[in-house]
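Here's the structure, in structure tokens; my notes come after.
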Amino acid sequence: MEDGRETTGAGDRLLEEIRSWDQVNQADPFDLSVLTFEEEIRAMCEQNTCGRYGKSWNCPPVCGTVEELEAACRRYSKGILVNSVKQLEDSFDWQGMMDGGRALCDILLDIDDAARRLGLADYRILGSGGCNSCEDCSYPDHPCRHPDKQFTPIEACGINVMQTALDSGFKYNNGQNTVTYFGMLLYN
């Protein structure tokens, strides 16, 4: 992902391709200056509201500190923000919410594949929530079985997803009985 090759135009071609995918609601370039890295956002991970804190290779505390993740993200100059919207049966449709999260993970894997195919060499993908690649994560006893399929959660970086979305012209709430998931590609 980071070998320094020239990638002029690859980002534009990738954006065009992402926009053509049915499962993507919106994909647009965004100004990385809107990203803020806040310990308060990361603290939500530490409260373990999703149940994955300390249980996954891509989640805190093993994924790095907010300071380390900010430094890693700030080295990129361009970004593409992507979202997908999942229609739910009702506001208690937990299975629908989980299906929506898995659908975004599939989109991010497709973005990774397309980025490689198009020659985008220097990039990082951030996702929504913990990794869904394995039913039972090998953390902490064994190395990750699929390191190429995991993306650091946006929130683990301390990034306020809602504010980033709104500052970038995206709707965060897409109507009653829906859930919206976000991912981002940072690149040079």
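Every chain in the structure tokens takes a letter, A first, then B, and so on in the order presented; its residues are numbered from 1, and the ligands are numbered from 1 following the presented order.
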
If you run DSSP on the backbone, which residues of range 4-54 of chain A are helix (DSSP H, G or I), as a compact mmCIF listing (two decimals) with C-alpha atoms, in the first residue's frame?
# COMPACT_ATOMS: atom_id res chain seq x y z
CA ALA A 10 -5.62 6.69 -10.04
CA GLY A 11 -7.62 8.39 -7.28
CA ASP A 12 -10.00 9.96 -9.81
CA ARG A 13 -10.47 6.65 -11.62
CA LEU A 14 -11.06 4.91 -8.30
CA LEU A 15 -13.66 7.48 -7.25
CA GLU A 16 -15.48 7.04 -10.56
CA GLU A 17 -15.52 3.27 -10.09
CA ILE A 18 -16.72 3.45 -6.47
CA ARG A 19 -19.56 5.75 -7.50
CA LEU A 32 -8.66 16.19 5.03
CA SER A 33 -8.46 19.42 7.02
CA VAL A 34 -11.95 18.60 8.38
CA GLU A 39 -9.45 11.56 22.71
CA GLU A 40 -13.15 11.91 23.64
CA ILE A 41 -14.19 9.97 20.53
CA ARG A 42 -11.62 7.27 21.24
CA ALA A 43 -12.93 7.08 24.82
CA MET A 44 -16.16 5.65 23.39
CA CYS A 45 -14.08 2.68 22.22
CA GLU A 46 -12.65 2.31 25.69

_Neighbouring residues of Asn83 in chain A were defined as those with any atom within 6 Å, considering only C-alpha atoms; residues of the same chain fewer than 6 positions away were excluded. Please report them as a list in words._
Asn25, Gln26, Tyr181 and Phe182 of chain A

Keeping C-alpha atoms, export the residues of the selection given above as a tab-separated table (two decimals), in the first residue's frame.
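What follows is the written file part_24.tsv:
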chain	number	residue	atom	x	y	z
A	25	ASN	CA	-24.92	5.53	-1.37
A	26	GLN	CA	-22.42	8.37	-1.73
A	181	TYR	CA	-22.04	3.43	7.72
A	182	PHE	CA	-18.96	5.39	6.66

*Name all residues at most 10 Å from range 68-81 of chain A (count only C-alpha atoms; drop same-chain ones fewer than 5 positions away) and give them as JSON, numbers by chain.*
{"A": [11, 12, 14, 15, 18, 26, 27, 28, 29, 30, 31, 32, 33, 35, 36, 37, 38, 63, 122, 123, 124, 125, 126, 152, 154, 156, 157, 158, 159, 164, 165, 168, 170, 182, 183, 184, 185, 186, 187, 188]}

*asked:* Excluding range 130-141 of chain A and its own-chain neighbours fewer than 5 positions away, which residues fall within 12 Å of it when counting only C-alpha atoms? Please give them as number ranges by chain.
replied: A: 45, 48-63, 98-106, 108-109, 146-156

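Taking only C-alpha atoms into account, Thr178 in chain A lies nearest to A:Leu88 out of the set A:Leu88, A:Val24, A:Ile107, A:Val82.
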
Among range 104-181 of chain A, which residues does DSSP mark as strand (DSSP E or B) when it is run on the backbone? Keep the chain and numbering as in the structure and answer as a CSV table (one decimal) with C-alpha atoms, in the first residue's frame.
chain,number,residue,atom,x,y,z
A,122,ASP,CA,0.2,5.0,-1.1
A,123,TYR,CA,-3.1,4.8,0.8
A,124,ARG,CA,-4.9,3.8,4.0
A,125,ILE,CA,-8.5,2.7,4.4
A,126,LEU,CA,-10.4,3.4,7.6
A,127,GLY,CA,-13.6,1.6,8.3
A,152,THR,CA,-8.7,0.6,11.5
A,153,PRO,CA,-12.1,1.9,12.7
A,159,ILE,CA,-12.2,10.9,14.3
A,178,THR,CA,-32.1,3.3,8.3
A,179,VAL,CA,-28.5,3.0,9.4
A,180,THR,CA,-25.6,4.7,7.6
A,181,TYR,CA,-22.0,3.4,7.7
